[in-house]
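A quick write-up on the structure given underneath.
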Amino acid sequence: ALWQAEHVKQRLEKVHPGLAVELLPMTTRGDQLLDQRLDTVGGKGLFNKELENAMLDGRAELAVHSMKDVPADMPPGFEIAAILDREDPRDAFVSNKVRRLDELKGDAVLGTSSLRRAAQVKERHPGLGLKLLRGNVETRLAKLDRGEDDAIGLAVAGLVRLGLEARIAERLAPDTSLPAPGQGAIGIECLSGRSDVRALVAPLAEAGGAGCVGAEGAVCVGFGGS
């Protein structure tokens with residue numbers, strides 16, 4: 001999240017010479033509940049509520065999100081002002097033991113924080129064990145390196161942005177692990193009606209990415225997903 005915020009800061013300051021962007025790092029409820037599955041304690045909105053409160057009370061003008069973590073139905077009073085160029089949207093299979101998901105033995109354990117990934121892995125590989133894996137990317141990789149899991153599932157985009165692309169054993173095809181709607185895309189949220197903020201971030205927007213993310217979100221809503 002801090003990488004994404006710094007990325008947006010640098011791009012804004014580059015396209016608007018003289019503009020100073022201040023970062024307001026925050027720890028959200030979703031970051032704190034590391035021993036529970038998100039779908040049981042409030043869903044993706046746990047990552048966003050504190051950031052939206054900061055915009056409501058004037059501490060911040062915008063928030064930066066991974067679009068896969070933004071609920072399909074935006075809360076009233078907020079909007080996504082821009083979606084940036086999209087990174088590879090696929091899921092990454094990461095392991096120190098094998099190079100492909102299909103090579104995991106039946107009693108192996110795969111760690112993931114995603115109910116979506118877990119459901120797809122369980123259907124295709126019913127013998128594999130699944131284990132809840134929360135925390136930031138470095139925390140999850142450290143658990144893998146300590147041997148707590150045989151493999152883990154992450155987003156390719158996060159690993160690439162953090163310079164950890166070499167840790168990817170396999171980029172999973174969508175028919176093996178369908179990515180989350182919006183995965184790999186960075187979005188900028190602001191209060192509805194803030195035309196000044198929309199104008200500042202407009203040069204960062206990438207129309208094709210926004211079209212894809214919008215279509216994926218619409219399909220998700222159509223199926224009753226968040």
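The way I read the labels, and the way they are meant: chains A, B, ... in the order of the structure tokens, residue 1 as the first residue of every chain, and ligand 1 as the first ligand shown, with later ones counted on from there.
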Problem set entry | 10 Å contact set for stretch 109-124 of chain A, only C-alpha atoms, chain neighbours under 2 positions out, as a PyMOL selection string | chain A and resi 34+36-39+91+93-95+101-102+104-107+126-135+140+143-144+148-154+175-180
May I have the selected residues written with N, CA and C atoms, as a short mmCIF file (atom, residue, chain, number, x, y, z; two decimals), in the first residue's frame?
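Writing done, so here's out-v4.cif:
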data_model
loop_
_atom_site.label_atom_id
_atom_site.label_comp_id
_atom_site.auth_asym_id
_atom_site.auth_seq_id
_atom_site.Cartn_x
_atom_site.Cartn_y
_atom_site.Cartn_z
N LEU A 34 -5.26 -9.97 11.62
CA LEU A 34 -4.44 -10.88 10.82
C LEU A 34 -4.69 -12.35 11.11
N GLN A 36 -7.86 -13.69 11.19
CA GLN A 36 -9.21 -14.02 10.78
C GLN A 36 -9.36 -13.80 9.28
N ARG A 37 -10.28 -14.57 8.69
CA ARG A 37 -10.59 -14.40 7.28
C ARG A 37 -11.41 -13.14 7.08
N LEU A 38 -11.08 -12.38 6.05
CA LEU A 38 -11.77 -11.11 5.83
C LEU A 38 -13.27 -11.29 5.60
N ASP A 39 -13.66 -12.39 4.93
CA ASP A 39 -15.08 -12.55 4.63
C ASP A 39 -15.92 -12.79 5.88
N ASP A 91 -2.74 -14.36 -10.76
CA ASP A 91 -2.27 -14.85 -9.47
C ASP A 91 -0.89 -15.48 -9.64
N PHE A 93 1.88 -18.26 -8.12
CA PHE A 93 2.18 -19.43 -7.30
C PHE A 93 3.63 -19.30 -6.87
N VAL A 94 3.85 -19.30 -5.55
CA VAL A 94 5.20 -19.09 -5.00
C VAL A 94 5.56 -20.29 -4.13
N SER A 95 6.69 -20.90 -4.40
CA SER A 95 7.12 -22.07 -3.63
C SER A 95 8.63 -22.21 -3.72
N LEU A 101 2.11 -25.32 -9.69
CA LEU A 101 1.03 -25.74 -8.79
C LEU A 101 0.72 -27.22 -8.98
N ASP A 102 0.73 -27.68 -10.21
CA ASP A 102 0.39 -29.07 -10.49
C ASP A 102 1.42 -30.04 -9.92
N LEU A 104 2.64 -29.89 -6.81
CA LEU A 104 2.45 -30.09 -5.38
C LEU A 104 1.84 -31.45 -5.12
N LYS A 105 2.38 -32.15 -4.13
CA LYS A 105 1.84 -33.45 -3.76
C LYS A 105 0.55 -33.28 -2.97
N GLY A 106 -0.22 -34.34 -2.92
CA GLY A 106 -1.55 -34.28 -2.34
C GLY A 106 -1.63 -33.83 -0.90
N ASP A 107 -0.58 -34.06 -0.11
CA ASP A 107 -0.63 -33.69 1.30
C ASP A 107 0.05 -32.35 1.57
N PRO A 126 -8.26 -31.22 -4.89
CA PRO A 126 -8.99 -31.48 -3.63
C PRO A 126 -8.14 -32.07 -2.51
N GLY A 127 -7.00 -32.68 -2.83
CA GLY A 127 -6.18 -33.28 -1.80
C GLY A 127 -5.28 -32.31 -1.07
N LEU A 128 -5.09 -31.12 -1.63
CA LEU A 128 -4.16 -30.15 -1.01
C LEU A 128 -4.76 -29.56 0.26
N GLY A 129 -3.88 -29.28 1.22
CA GLY A 129 -4.30 -28.57 2.42
C GLY A 129 -4.26 -27.08 2.19
N LEU A 130 -5.17 -26.34 2.80
CA LEU A 130 -5.21 -24.89 2.68
C LEU A 130 -5.08 -24.27 4.05
N LYS A 131 -4.32 -23.17 4.14
CA LYS A 131 -4.04 -22.54 5.42
C LYS A 131 -4.20 -21.02 5.28
N LEU A 132 -4.86 -20.40 6.26
CA LEU A 132 -5.02 -18.95 6.24
C LEU A 132 -3.66 -18.27 6.33
N LEU A 133 -3.42 -17.32 5.44
CA LEU A 133 -2.14 -16.61 5.41
C LEU A 133 -2.43 -15.12 5.26
N ARG A 134 -2.25 -14.36 6.35
CA ARG A 134 -2.49 -12.92 6.33
C ARG A 134 -1.18 -12.18 6.55
N GLY A 135 -1.22 -10.85 6.43
CA GLY A 135 -0.02 -10.05 6.59
C GLY A 135 0.44 -9.47 5.27
N ARG A 140 4.35 -12.78 4.51
CA ARG A 140 3.91 -14.04 3.93
C ARG A 140 5.09 -14.82 3.34
N LYS A 143 7.06 -16.48 6.15
CA LYS A 143 6.43 -17.70 6.63
C LYS A 143 6.72 -18.86 5.69
N LEU A 144 6.69 -18.60 4.40
CA LEU A 144 7.03 -19.63 3.42
C LEU A 144 8.47 -20.08 3.61
N GLU A 148 6.60 -22.89 7.00
CA GLU A 148 5.26 -23.02 7.56
C GLU A 148 4.25 -23.47 6.51
N ASP A 149 4.56 -23.21 5.26
CA ASP A 149 3.72 -23.64 4.14
C ASP A 149 4.62 -24.22 3.05
N ASP A 150 4.04 -25.09 2.22
CA ASP A 150 4.78 -25.63 1.08
C ASP A 150 4.76 -24.66 -0.10
N ALA A 151 3.72 -23.84 -0.16
CA ALA A 151 3.57 -22.86 -1.23
C ALA A 151 2.57 -21.81 -0.76
N ILE A 152 2.57 -20.67 -1.44
CA ILE A 152 1.60 -19.63 -1.12
C ILE A 152 1.07 -19.03 -2.42
N GLY A 153 -0.11 -18.43 -2.32
CA GLY A 153 -0.69 -17.73 -3.46
C GLY A 153 -0.71 -16.24 -3.19
N LEU A 154 -0.22 -15.47 -4.15
CA LEU A 154 -0.18 -14.01 -4.05
C LEU A 154 -0.58 -13.42 -5.40
N ASP A 175 -7.72 -19.63 -16.38
CA ASP A 175 -8.58 -20.81 -16.27
C ASP A 175 -8.11 -21.77 -15.18
N THR A 176 -6.96 -21.46 -14.56
CA THR A 176 -6.51 -22.20 -13.39
C THR A 176 -6.88 -21.45 -12.11
N SER A 177 -6.67 -20.14 -12.10
CA SER A 177 -7.04 -19.31 -10.95
C SER A 177 -7.52 -17.97 -11.49
N LEU A 178 -8.82 -17.80 -11.59
CA LEU A 178 -9.39 -16.57 -12.13
C LEU A 178 -9.09 -15.42 -11.19
N PRO A 179 -8.42 -14.37 -11.66
CA PRO A 179 -8.06 -13.25 -10.77
C PRO A 179 -9.29 -12.52 -10.24
N ALA A 180 -9.08 -11.78 -9.17
CA ALA A 180 -10.14 -10.94 -8.62
C ALA A 180 -10.45 -9.80 -9.58
#
For this session: Have a look at A:Leu62, A:Leu51, A:Ile83, A:Val221 and name the one nearest to A:Ala205; count only C-alpha atoms.
Result: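 Among A:Leu62, A:Leu51, A:Ile83, A:Val221, it is A:Ile83 that comes nearest to A:Ala205.
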Could you list, with a cut-off of 10 Å and counting only C-alpha atoms, the residues of stretch 59-87 of chain A near stretch 4-12 of chain A, each shown with its nearest atom pair and the distance in Å rounded to one decimal, rows sorted by chain and ascending number, as CSV?
residue,atom,partner,partner_atom,distance
A:Ala63,CA,A:Ala5,CA,8.0
A:Val64,CA,A:Ala5,CA,5.8
A:His65,CA,A:Gln4,CA,7.6
A:Ser66,CA,A:Gln4,CA,8.2
A:Leu84,CA,A:Val8,CA,9.0
Problem set entry | From A:Ala142, A:Leu159, A:Ala92, A:Leu24, residue lying nearest A:Arg171 [only C-alpha atoms] |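 Of all the options, A:Ala92 lies closest to A:Arg171.
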Exercise. In Å, how far is it from atom CA of A:Ala169 to atom CA of A:Gly217?
Worked result: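 These atoms are spaced 28.4 Å apart.
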For this session: Could you give me, as a list in words, each residue of stretch 103-156 of chain A that DSSP assigns to helix (DSSP H, G or I) when run on this structure's backbone?
Result: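 Residues of stretch 103-156 of chain A classed as helix (DSSP H, G or I): Glu103, Leu115, Arg116, Arg117, Ala118, Ala119, Gln120, Val121, Lys122, Glu123, Arg124, Val137, Glu138, Thr139, Arg140, Leu141, Ala142, Lys143, Leu144, Asp145 and Val156 of chain A.
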Strand (DSSP E) residues, from DSSP on the backbone, in stretch 121-177 of chain A, as a short mmCIF file (atom, residue, chain, number, x, y, z; two decimals) with all heavy atoms, in the first residue's frame:
data_model
loop_
_atom_site.label_atom_id
_atom_site.label_comp_id
_atom_site.auth_asym_id
_atom_site.auth_seq_id
_atom_site.Cartn_x
_atom_site.Cartn_y
_atom_site.Cartn_z
N GLY A 129 -3.88 -29.28 1.22
CA GLY A 129 -4.30 -28.57 2.42
C GLY A 129 -4.26 -27.08 2.19
O GLY A 129 -3.39 -26.58 1.46
N LEU A 130 -5.17 -26.34 2.80
CA LEU A 130 -5.21 -24.89 2.68
C LEU A 130 -5.08 -24.27 4.05
O LEU A 130 -5.65 -24.75 5.03
CB LEU A 130 -6.52 -24.45 2.03
CG LEU A 130 -6.73 -24.90 0.57
CD1 LEU A 130 -8.13 -24.60 0.12
CD2 LEU A 130 -5.72 -24.21 -0.34
N LYS A 131 -4.32 -23.17 4.14
CA LYS A 131 -4.04 -22.54 5.42
C LYS A 131 -4.20 -21.02 5.28
O LYS A 131 -3.74 -20.43 4.31
CB LYS A 131 -2.61 -22.88 5.85
CG LYS A 131 -2.18 -22.33 7.20
CD LYS A 131 -0.76 -22.81 7.48
CE LYS A 131 -0.20 -22.23 8.75
NZ LYS A 131 1.21 -22.67 8.99
N LEU A 132 -4.86 -20.40 6.26
CA LEU A 132 -5.02 -18.95 6.24
C LEU A 132 -3.66 -18.27 6.33
O LEU A 132 -2.85 -18.60 7.20
CB LEU A 132 -5.91 -18.50 7.41
CG LEU A 132 -6.12 -16.99 7.55
CD1 LEU A 132 -6.92 -16.46 6.37
CD2 LEU A 132 -6.83 -16.67 8.86
N ALA A 151 3.72 -23.84 -0.16
CA ALA A 151 3.57 -22.86 -1.23
C ALA A 151 2.57 -21.81 -0.76
O ALA A 151 1.82 -22.03 0.19
CB ALA A 151 3.08 -23.53 -2.52
N ILE A 152 2.57 -20.67 -1.44
CA ILE A 152 1.60 -19.63 -1.12
C ILE A 152 1.07 -19.03 -2.42
O ILE A 152 1.71 -19.12 -3.47
CB ILE A 152 2.17 -18.52 -0.22
CG1 ILE A 152 3.35 -17.81 -0.89
CG2 ILE A 152 2.60 -19.10 1.13
CD1 ILE A 152 3.89 -16.64 -0.08
N GLY A 153 -0.11 -18.43 -2.32
CA GLY A 153 -0.69 -17.73 -3.46
C GLY A 153 -0.71 -16.24 -3.19
O GLY A 153 -1.13 -15.79 -2.12
N LEU A 154 -0.22 -15.47 -4.15
CA LEU A 154 -0.18 -14.01 -4.05
C LEU A 154 -0.58 -13.42 -5.40
O LEU A 154 -0.76 -14.14 -6.38
CB LEU A 154 1.23 -13.53 -3.68
CG LEU A 154 1.79 -13.95 -2.32
CD1 LEU A 154 3.28 -13.64 -2.26
CD2 LEU A 154 1.06 -13.22 -1.21
N ALA A 155 -0.71 -12.10 -5.45
CA ALA A 155 -0.94 -11.42 -6.72
C ALA A 155 0.38 -11.13 -7.39
O ALA A 155 1.34 -10.69 -6.75
CB ALA A 155 -1.71 -10.12 -6.49
N GLU A 170 5.30 -19.60 -10.72
CA GLU A 170 4.39 -19.77 -11.86
C GLU A 170 3.34 -18.67 -11.84
O GLU A 170 2.78 -18.35 -10.79
CB GLU A 170 3.69 -21.14 -11.78
CG GLU A 170 2.72 -21.40 -12.93
CD GLU A 170 1.97 -22.72 -12.78
OE1 GLU A 170 2.06 -23.35 -11.70
OE2 GLU A 170 1.29 -23.12 -13.74
N ARG A 171 3.11 -18.07 -12.99
CA ARG A 171 1.99 -17.14 -13.16
C ARG A 171 0.80 -17.97 -13.62
O ARG A 171 0.83 -18.55 -14.71
CB ARG A 171 2.33 -16.06 -14.17
CG ARG A 171 3.52 -15.19 -13.74
CD ARG A 171 3.80 -14.08 -14.74
NE ARG A 171 5.03 -13.37 -14.38
CZ ARG A 171 5.15 -12.03 -14.42
NH1 ARG A 171 4.13 -11.29 -14.80
NH2 ARG A 171 6.29 -11.45 -14.09
#
Problem set entry | Exercise: A:Met55 partners within 12 Å, only C-alpha atoms, chain neighbours under 6 positions left out, as a PyMOL selection string | chain A and resi 24+48-49+61-64+77-79+189-192+194+197
Please write the residues from the selection above to a file, keeping N, CA and C atoms, as a PDB file, in the first residue's frame.
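New file result.pdb:
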ATOM      1  N   LEU A  24      -0.025  10.271   4.122  1.00  0.00           N
ATOM      2  CA  LEU A  24      -0.597  10.078   5.455  1.00  0.00           C
ATOM      3  C   LEU A  24      -0.736   8.572   5.676  1.00  0.00           C
ATOM      4  N   ASN A  48     -10.686   0.105   3.771  1.00  0.00           N
ATOM      5  CA  ASN A  48     -10.966   1.420   3.210  1.00  0.00           C
ATOM      6  C   ASN A  48     -11.629   2.400   4.160  1.00  0.00           C
ATOM      7  N   LYS A  49     -12.312   1.907   5.201  1.00  0.00           N
ATOM      8  CA  LYS A  49     -13.138   2.779   6.028  1.00  0.00           C
ATOM      9  C   LYS A  49     -12.333   3.903   6.678  1.00  0.00           C
ATOM     10  N   GLU A  61      -7.076  14.358   0.921  1.00  0.00           N
ATOM     11  CA  GLU A  61      -7.875  14.698  -0.265  1.00  0.00           C
ATOM     12  C   GLU A  61      -8.136  13.486  -1.151  1.00  0.00           C
ATOM     13  N   LEU A  62      -7.289  12.473  -1.040  1.00  0.00           N
ATOM     14  CA  LEU A  62      -7.471  11.287  -1.880  1.00  0.00           C
ATOM     15  C   LEU A  62      -6.897  10.066  -1.165  1.00  0.00           C
ATOM     16  N   ALA A  63      -7.288   8.909  -1.625  1.00  0.00           N
ATOM     17  CA  ALA A  63      -6.770   7.637  -1.113  1.00  0.00           C
ATOM     18  C   ALA A  63      -6.398   6.759  -2.294  1.00  0.00           C
ATOM     19  N   VAL A  64      -5.356   5.946  -2.105  1.00  0.00           N
ATOM     20  CA  VAL A  64      -4.857   5.063  -3.163  1.00  0.00           C
ATOM     21  C   VAL A  64      -5.167   3.619  -2.781  1.00  0.00           C
ATOM     22  N   GLY A  77     -21.112   9.136  -1.500  1.00  0.00           N
ATOM     23  CA  GLY A  77     -20.245  10.266  -1.232  1.00  0.00           C
ATOM     24  C   GLY A  77     -18.818  10.097  -1.694  1.00  0.00           C
ATOM     25  N   PHE A  78     -18.492   8.929  -2.275  1.00  0.00           N
ATOM     26  CA  PHE A  78     -17.120   8.680  -2.727  1.00  0.00           C
ATOM     27  C   PHE A  78     -17.128   8.193  -4.169  1.00  0.00           C
ATOM     28  N   GLU A  79     -16.002   8.380  -4.847  1.00  0.00           N
ATOM     29  CA  GLU A  79     -15.881   7.916  -6.226  1.00  0.00           C
ATOM     30  C   GLU A  79     -14.430   7.562  -6.525  1.00  0.00           C
ATOM     31  N   GLU A 189      -9.194   7.209  -5.062  1.00  0.00           N
ATOM     32  CA  GLU A 189     -10.526   7.528  -4.560  1.00  0.00           C
ATOM     33  C   GLU A 189     -10.542   8.946  -3.992  1.00  0.00           C
ATOM     34  N   CYS A 190     -11.672   9.627  -4.172  1.00  0.00           N
ATOM     35  CA  CYS A 190     -11.839  10.941  -3.569  1.00  0.00           C
ATOM     36  C   CYS A 190     -13.311  11.137  -3.229  1.00  0.00           C
ATOM     37  N   LEU A 191     -13.610  12.232  -2.566  1.00  0.00           N
ATOM     38  CA  LEU A 191     -14.999  12.570  -2.278  1.00  0.00           C
ATOM     39  C   LEU A 191     -15.714  12.922  -3.575  1.00  0.00           C
ATOM     40  N   SER A 192     -16.972  12.506  -3.684  1.00  0.00           N
ATOM     41  CA  SER A 192     -17.760  12.873  -4.860  1.00  0.00           C
ATOM     42  C   SER A 192     -17.877  14.390  -4.941  1.00  0.00           C
ATOM     43  N   ARG A 194     -15.522  16.443  -5.886  1.00  0.00           N
ATOM     44  CA  ARG A 194     -14.239  17.146  -5.791  1.00  0.00           C
ATOM     45  C   ARG A 194     -13.639  17.268  -7.194  1.00  0.00           C
ATOM     46  N   VAL A 197      -9.818  17.668  -7.332  1.00  0.00           N
ATOM     47  CA  VAL A 197      -9.018  16.451  -7.211  1.00  0.00           C
ATOM     48  C   VAL A 197      -9.077  15.652  -8.503  1.00  0.00           C
TER      49      VAL A 197
END
Problem set entry | For atom CA of A:Val213 and atom CA of A:Ser195, the interatomic separation in Å (one decimal) |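 Taking atom CA of A:Val213 as the start and atom CA of A:Ser195 as the end point, the length is 21.9 Å.
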For this session: Grab the atom CA of A:Leu23 to atom CA of A:Gly209 distance for me, in Å with one decimal place.
Result: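 Between atom CA of A:Leu23 and atom CA of A:Gly209 the gap is 24.8 Å.
Using only C-alpha atoms, the nearest neighbour of A:Pro25 within the list A:Leu162, A:Ala1, A:Ile186, A:Ala81 is A:Ala1.
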